[in-house]
>>> print(open('my_file12.cif').read())   # mmCIF, C-alpha atoms
data_target
loop_
_atom_site.label_atom_id
_atom_site.label_comp_id
_atom_site.auth_asym_id
_atom_site.auth_seq_id
_atom_site.Cartn_x
_atom_site.Cartn_y
_atom_site.Cartn_z
CA MET A 27 99.69 117.26 100.27
CA LYS A 28 96.79 115.61 98.46
CA VAL A 29 96.92 111.82 98.62
CA ILE A 30 94.76 109.13 97.03
CA LEU A 31 94.59 105.90 99.05
CA VAL A 32 93.49 102.99 96.87
CA CYS A 33 92.97 99.42 98.07
CA SER A 34 90.52 96.54 97.99
CA THR A 35 88.53 95.48 101.06
CA GLY A 36 89.53 93.01 103.81
CA GLY A 37 93.21 92.75 104.75
CA HIS A 38 94.38 95.28 102.17
CA PHE A 39 91.95 97.84 103.63
CA GLN A 40 93.10 97.00 107.16
CA ALA A 41 96.72 97.49 106.11
CA MET A 42 95.82 100.95 104.73
CA GLN A 43 93.94 101.79 107.95
CA ASN A 44 97.11 100.95 109.89
CA LEU A 45 98.95 103.69 107.97
CA TYR A 46 96.79 106.28 109.73
CA PRO A 47 99.86 107.95 111.34
CA PHE A 48 100.96 108.88 107.81
CA TRP A 49 97.75 109.79 106.01
CA ARG A 50 96.09 111.63 108.89
CA ASN A 51 98.49 114.55 108.17
CA HIS A 52 97.37 114.93 104.58
CA GLN A 53 94.33 115.79 102.52
CA ARG A 54 93.12 112.38 101.37
CA ILE A 55 90.72 110.65 99.05
CA TRP A 56 89.85 106.98 99.35
CA VAL A 57 89.17 104.50 96.56
CA THR A 58 87.94 101.09 97.70
CA PHE A 59 84.97 98.72 97.39
CA TYR A 60 81.65 99.31 99.07
CA SER A 61 80.98 97.06 102.08
CA GLU A 62 79.28 97.61 105.41
CA ASN A 63 82.71 97.77 107.01
CA THR A 64 84.29 100.26 104.58
CA LYS A 65 81.12 102.39 104.56
CA ALA A 66 81.10 102.66 108.36
CA THR A 67 84.87 103.13 108.69
CA LEU A 68 85.08 105.85 106.02
CA ASP A 69 81.95 107.66 107.15
CA ALA A 70 83.70 111.02 107.53
CA GLU A 71 86.12 110.60 104.60
CA THR A 72 85.96 111.42 100.89
CA VAL A 73 85.42 108.13 99.07
CA TYR A 74 85.02 106.90 95.50
CA TRP A 75 83.60 103.36 95.32
CA ALA A 76 85.39 101.14 92.82
CA TRP A 77 84.07 98.09 90.95
CA SER A 78 84.65 94.61 92.36
CA PRO A 79 85.60 91.81 92.00
CA THR A 80 88.84 92.60 90.17
CA ASN A 81 90.44 89.16 89.98
CA ARG A 82 90.64 88.49 86.26
CA ASN A 83 87.43 90.42 85.62
CA LEU A 84 87.81 92.34 82.38
CA VAL A 85 84.55 94.30 82.61
CA ASN A 86 85.35 95.66 86.06
CA LEU A 87 88.91 96.43 84.97
CA VAL A 88 87.55 98.63 82.16
CA ARG A 89 85.11 100.30 84.59
CA ASN A 90 87.94 100.94 87.06
CA VAL A 91 90.14 102.42 84.31
CA PHE A 92 87.36 104.95 83.59
CA LEU A 93 86.92 105.62 87.29
CA ALA A 94 90.67 106.10 87.70
CA TRP A 95 90.73 108.58 84.82
CA GLN A 96 87.78 110.48 86.25
CA VAL A 97 89.12 110.61 89.82
CA LEU A 98 92.72 111.41 88.90
CA SER A 99 91.91 114.16 86.40
CA GLN A 100 89.43 115.71 88.82
CA GLU A 101 91.52 115.49 91.97
CA THR A 102 95.09 115.82 90.60
CA PRO A 103 96.76 114.26 93.67
CA HIS A 104 100.45 114.64 94.52
CA LEU A 105 100.67 111.03 95.61
CA VAL A 106 98.80 107.76 95.05
CA ILE A 107 99.41 104.97 97.59
CA SER A 108 98.14 101.39 97.46
CA THR A 109 98.35 98.39 99.76
CA GLY A 110 96.84 96.18 96.99
CA ALA A 111 95.21 94.56 95.16
CA GLY A 112 93.85 94.59 91.56
CA VAL A 113 91.90 97.86 91.81
CA ALA A 114 95.22 99.68 92.34
CA VAL A 115 96.65 98.87 88.91
CA PRO A 116 94.75 101.37 86.71
CA PHE A 117 95.07 104.06 89.40
CA LEU A 118 98.85 103.70 89.75
CA ILE A 119 99.52 103.51 86.01
CA LEU A 120 97.35 106.50 85.12
CA ALA A 121 98.59 108.46 88.16
CA LYS A 122 102.19 108.12 86.99
CA LEU A 123 101.27 109.10 83.43
CA LEU A 124 99.44 112.17 84.77
CA GLY A 125 102.42 113.23 86.85
CA SER A 126 101.62 112.03 90.38
CA GLN A 127 104.04 110.12 92.59
CA THR A 128 103.15 106.46 93.10
CA VAL A 129 103.78 104.05 95.98
CA PHE A 130 102.82 100.39 96.29
CA ILE A 131 103.15 98.63 99.63
CA GLU A 132 103.24 94.91 98.88
CA SER A 133 101.27 92.60 101.15
CA ILE A 134 103.11 90.83 103.98
CA THR A 135 101.72 87.63 102.47
CA ARG A 136 104.03 87.94 99.43
CA VAL A 137 107.27 86.14 100.16
CA LYS A 138 108.79 84.81 96.93
CA GLN A 139 107.00 86.62 94.14
CA LEU A 140 105.29 89.99 93.80
CA SER A 141 101.52 90.02 93.45
CA LEU A 142 100.20 90.31 89.89
CA SER A 143 99.05 93.87 90.74
CA ALA A 144 102.57 94.88 91.82
CA ARG A 145 104.14 93.28 88.74
CA LEU A 146 101.75 95.10 86.41
CA ALA A 147 102.22 98.46 88.13
CA LEU A 148 105.99 98.07 88.68
CA PRO A 149 107.20 100.19 85.72
CA PHE A 150 104.93 103.03 86.93
CA LEU A 151 105.98 103.01 90.58
CA ASP A 152 108.24 105.53 92.26
CA THR A 153 108.50 103.35 95.34
CA LEU A 154 107.74 99.71 96.07
CA TYR A 155 107.95 98.46 99.65
CA VAL A 156 108.19 94.74 100.42
CA HIS A 157 108.35 92.83 103.71
CA TRP A 158 110.57 89.85 103.00
CA PRO A 159 114.32 89.74 102.16
CA GLN A 160 113.70 86.90 99.66
CA LEU A 161 111.40 89.17 97.69
CA GLN A 162 113.72 92.17 97.82
CA ALA A 163 116.57 89.98 96.54
CA ARG A 164 114.47 89.06 93.51
CA TYR A 165 113.31 92.62 92.81
CA PRO A 166 116.27 94.89 93.63
CA ARG A 167 114.17 98.00 92.90
CA ALA A 168 112.03 97.22 95.94
CA GLU A 169 112.80 98.63 99.35
CA ILE A 170 112.51 96.35 102.32
CA ILE A 171 110.44 97.26 105.38
CA SER A 172 111.63 95.62 108.53
CA SER A 173 110.59 96.43 112.07
CA MET B 247 85.91 78.49 122.05
CA ILE B 248 87.65 78.07 118.71
CA LEU B 249 87.32 80.90 116.16
CA VAL B 250 87.78 79.96 112.50
CA THR B 251 88.24 82.75 109.94
CA VAL B 252 88.95 82.65 106.21
CA GLY B 253 88.80 86.36 105.41
CA THR B 254 86.88 88.32 102.79
CA GLU B 255 88.54 86.54 99.86
CA GLN B 256 86.15 85.94 96.93
CA PHE B 257 87.18 82.28 96.61
CA PRO B 258 85.72 79.54 98.86
CA PHE B 259 87.88 77.66 101.35
CA ASN B 260 85.72 74.53 101.50
CA ARG B 261 88.67 72.26 102.32
CA LEU B 262 89.14 73.89 105.73
CA MET B 263 85.36 73.88 106.27
CA SER B 264 85.25 70.12 105.69
CA TRP B 265 88.22 69.57 108.02
CA ILE B 266 86.30 71.38 110.78
CA GLN B 267 83.20 69.33 109.98
CA VAL B 268 85.11 66.03 110.20
CA MET B 269 86.80 67.05 113.46
CA THR B 270 83.59 68.05 115.21
CA LYS B 271 81.73 64.97 113.95
CA ARG B 272 84.45 62.54 115.07
CA GLY B 273 84.83 64.20 118.45
CA PHE B 274 88.32 65.67 117.95
CA ILE B 275 86.71 69.03 118.77
CA SER B 276 84.19 69.12 121.59
CA GLU B 277 84.30 72.79 122.52
CA GLU B 278 82.26 75.59 120.92
CA VAL B 279 83.27 76.59 117.39
CA VAL B 280 82.48 79.89 115.65
CA VAL B 281 83.16 80.05 111.92
CA GLN B 282 83.40 83.11 109.68
CA TYR B 283 83.25 81.27 106.36
CA GLY B 284 83.46 84.15 103.86
CA SER B 285 82.81 82.89 100.32
CA SER B 286 82.93 79.18 101.23
CA THR B 287 80.03 77.18 99.80
CA THR B 288 80.36 74.29 102.27
CA VAL B 289 79.71 75.27 105.87
CA PRO B 290 80.18 72.91 108.84
CA THR B 291 76.96 71.93 110.60
CA GLY B 292 76.48 72.00 114.36
CA VAL B 293 78.62 75.13 114.80
CA LYS B 294 77.85 78.84 114.85
CA SER B 295 78.61 80.21 111.40
CA TYR B 296 78.54 83.63 109.73
CA PRO B 297 79.54 84.69 106.20
CA LEU B 298 81.02 87.93 107.51
CA LEU B 299 80.94 89.33 111.04
CA ALA B 300 80.78 93.04 111.84
CA PRO B 301 84.23 94.30 112.92
CA GLU B 302 83.16 94.86 116.58
CA GLN B 303 81.57 91.42 116.76
CA PHE B 304 84.66 89.84 115.23
CA GLN B 305 86.92 91.64 117.69
CA ALA B 306 84.83 90.48 120.66
CA LEU B 307 85.06 86.89 119.41
CA THR B 308 88.85 87.05 118.99
CA LYS B 309 89.06 88.16 122.63
CA GLN B 310 86.82 85.31 123.76
CA ALA B 311 88.53 82.60 121.70
CA ARG B 312 90.90 80.07 123.25
CA ILE B 313 92.57 79.65 119.90
CA ILE B 314 92.14 81.08 116.37
CA ILE B 315 92.32 79.07 113.15
CA GLY B 316 92.83 81.31 110.11
CA HIS B 317 93.89 81.31 106.47
CA CYS B 318 97.23 82.93 105.53
CA GLY B 319 95.74 86.23 104.36
CA GLU B 320 96.85 89.78 105.07
CA GLY B 321 94.02 90.64 107.48
CA THR B 322 94.55 87.47 109.51
CA ILE B 323 98.31 88.05 109.76
CA LEU B 324 97.67 91.66 110.87
CA LEU B 325 95.14 90.44 113.43
CA LEU B 326 97.46 87.80 114.83
CA SER B 327 100.39 90.19 115.08
CA ALA B 328 98.17 92.44 117.21
CA THR B 329 96.89 89.72 119.56
CA ALA B 330 98.58 87.41 122.04
CA LYS B 331 96.34 84.43 121.27
CA PRO B 332 97.48 81.00 120.19
CA TYR B 333 96.65 80.41 116.54
CA ILE B 334 96.97 77.93 113.68
CA LEU B 335 97.28 78.95 110.03
CA VAL B 336 95.98 76.98 107.05
CA PRO B 337 97.21 78.16 103.62
CA ARG B 338 94.86 78.40 100.63
CA SER B 339 96.02 76.52 97.57
CA GLN B 340 95.65 77.33 93.88
CA LYS B 341 95.26 73.63 93.10
CA PHE B 342 91.89 73.57 94.90
CA LYS B 343 90.86 76.96 93.43
CA GLU B 344 91.11 78.59 96.86
CA HIS B 345 93.15 81.52 95.48
CA ILE B 346 94.58 82.82 92.20
CA ASP B 347 98.08 81.57 93.07
CA ASP B 348 100.07 79.81 95.79
CA HIS B 349 101.38 82.81 97.72
CA GLN B 350 99.64 81.61 100.90
CA ILE B 351 101.61 78.37 100.71
CA GLU B 352 104.85 80.30 100.24
CA LEU B 353 103.99 82.49 103.22
CA ALA B 354 103.10 79.43 105.33
CA GLU B 355 106.46 77.82 104.50
CA ALA B 356 108.29 81.01 105.45
CA LEU B 357 106.33 81.40 108.72
CA ALA B 358 106.89 77.73 109.60
CA GLN B 359 110.59 78.57 109.87
CA PHE B 360 109.67 80.97 112.68
CA ASN B 361 107.90 78.10 114.45
CA VAL B 362 104.41 79.34 113.52
CA PRO B 363 101.93 76.42 113.64
CA ILE B 364 100.89 75.65 110.06
CA ALA B 365 98.29 72.94 109.43
CA TRP B 366 98.80 71.08 106.14
CA SER B 367 96.24 68.41 107.10
CA PRO B 368 93.41 67.79 109.59
CA GLY B 369 95.93 65.76 111.62
CA ASP B 370 98.11 68.88 112.07
CA LEU B 371 95.04 70.78 113.27
CA VAL B 372 94.27 68.12 115.91
CA ARG B 373 97.90 68.17 117.09
CA PHE B 374 98.13 71.98 117.37
CA LEU B 375 94.70 72.27 119.03
CA ALA B 376 95.88 69.90 121.74
CA LEU B 377 99.09 71.85 122.33
CA PRO B 378 98.35 75.50 121.53
CA ARG B 379 101.32 77.78 121.27
CA ILE B 380 101.66 81.51 121.11
CA VAL B 381 104.10 82.64 118.46
CA PRO B 382 104.44 86.40 118.21
CA VAL B 383 104.51 87.58 114.59
CA THR B 384 106.46 90.82 114.75
CA LEU B 385 107.26 91.02 111.07
CA ILE B 386 105.06 93.93 110.17
CA SER B 387 105.49 97.43 111.34
CA ALA B 388 103.05 100.04 110.12
CA THR B 389 105.12 102.52 112.15
CA THR B 390 108.19 101.79 110.04
CA ILE B 391 106.24 102.18 106.79
CA CYS B 392 104.76 105.47 108.02
CA ALA B 393 108.20 106.79 108.98
CA ARG B 394 109.57 105.92 105.51
CA LEU B 395 106.59 107.53 103.78
CA HIS B 396 106.90 110.59 105.98
CA ASP B 397 110.61 111.00 105.16
CA ARG B 398 110.00 110.66 101.45
CA PHE B 399 106.82 112.70 101.06
CA LYS B 400 106.89 115.42 103.71
#
>>> encode(input="my_file12.cif", output="structure tokens")
Amino acid sequence: MKVILVCSTGGHFQAMQNLYPFWRNHQRIWVTFYSENTKATLDAETVYWAWSPTNRNLVNLVRNVFLAWQVLSQETPHLVISTGAGVAVPFLILAKLLGSQTVFIESITRVKQLSLSARLALPFLDTLYVHWPQLQARYPRAEIISS
Amino acid sequence: MILVTVGTEQFPFNRLMSWIQVMTKRGFISEEVVVQYGSSTTVPTGVKSYPLLAPEQFQALTKQARIIIGHCGEGTILLLSATAKPYILVPRSQKFKEHIDDHQIELAEALAQFNVPIAWSPGDLVRFLALPRIVPVTLISATTICARLHDRFK
């Protein structure tokens, strides 16, 4: 299966790295921001570098919409997965419209309300995983992950 | 050694930086302090400070540290769930433009119910530094997520 893994840097990237037992079995393409850490970690992987910052930055949002269109129409993945944050929104929305499956794994740091990225992408998600029962109670469509 | 980390977040966390500064100046902290200050624009003086450490360097420092002080971000929570070090968490607040919303405060309140040391003030930091406790955070399981993903998308 061809999978696109899209996430910002820092904790979101770490969370995606931790899903190695899943994505190692699949053909994968990464979309994240360029940093010394991501560059070194993804040395042997296929990567598209997205535009940052994405927090309320309209110009970069437009650039990332174009990037998402380019990557998704070129790669036609079966599945797009994100662990957050903003960069994921155009990828998940366009992926769903183009017929891919979409998964968002909400950050452990979200307890009472979904992140803005998750709320924006929600209508275009096949699966949304959350970590806290309070959050699942508020968004019944979400599935809870507990250890 | 005390390791202070505020993640790769694009917003500064100057409030925590100034708490550290006050505590070292007034003698509440006398041991070595290493600070990864990220996007903060105020950095404590008289301590070792870095905007962003290389992953290997950061890992070595977490091993060396007696205690870790961190913000309530994803990377820090993942780090602390993988280490058996005492730690103290300080949530970023929207009011001080430390994040786009108050989810770190909500997380801190939820974690406080599991007895996780949360510092709401410099006084809390002093108190927790004097009596470090190890609270295992076993909330996250990448294994569980992978199993779910595997079942759904074979």
>>> resolve_selection(input="my_file12.cif", expression="the PyMOL selection byres ((chain A) within 8 of (chain B))", output="compact mmCIF listing (two decimals) with C-alpha atoms, in the coordinates of the input")
# COMPACT_ATOMS: atom_id res chain seq x y z
CA THR A 35 88.53 95.48 101.06
CA GLY A 36 89.53 93.01 103.81
CA GLY A 37 93.21 92.75 104.75
CA HIS A 38 94.38 95.28 102.17
CA GLN A 40 93.10 97.00 107.16
CA ALA A 41 96.72 97.49 106.11
CA ASN A 44 97.11 100.95 109.89
CA LEU A 45 98.95 103.69 107.97
CA PRO A 47 99.86 107.95 111.34
CA PHE A 48 100.96 108.88 107.81
CA ASN A 63 82.71 97.77 107.01
CA PRO A 79 85.60 91.81 92.00
CA ASN A 81 90.44 89.16 89.98
CA SER A 133 101.27 92.60 101.15
CA ILE A 134 103.11 90.83 103.98
CA THR A 135 101.72 87.63 102.47
CA ARG A 136 104.03 87.94 99.43
CA VAL A 137 107.27 86.14 100.16
CA LYS A 138 108.79 84.81 96.93
CA GLN A 139 107.00 86.62 94.14
CA HIS A 157 108.35 92.83 103.71
CA ILE A 171 110.44 97.26 105.38
CA SER A 172 111.63 95.62 108.53
CA SER A 173 110.59 96.43 112.07
>>> resolve_selection(input="my_file12.cif", expression="the PyMOL selection byres ((chain A and resi 57) around 7)", output="PyMOL selection string")
chain A and resi 31-33+55-56+58+73-76
>>> closest_residue(input="my_file12.cif", among="A:Ala168, A:Met27, A:Ala70, A:Ile131", to="Ile107 in chain A", atoms="all atoms listed in the file")
A:Ile131
>>> closest_residue(input="my_file12.cif", among="A:Thr80, A:Thr153, A:Ser141, A:Asn90", to="Gln127 in chain A", atoms="only C-alpha atoms")
A:Thr153
>>> atom_distance(input="my_file12.cif", atom1="CA of Ile170 in chain A", atom2="CA of Ser327 in chain B")
18.6 Å
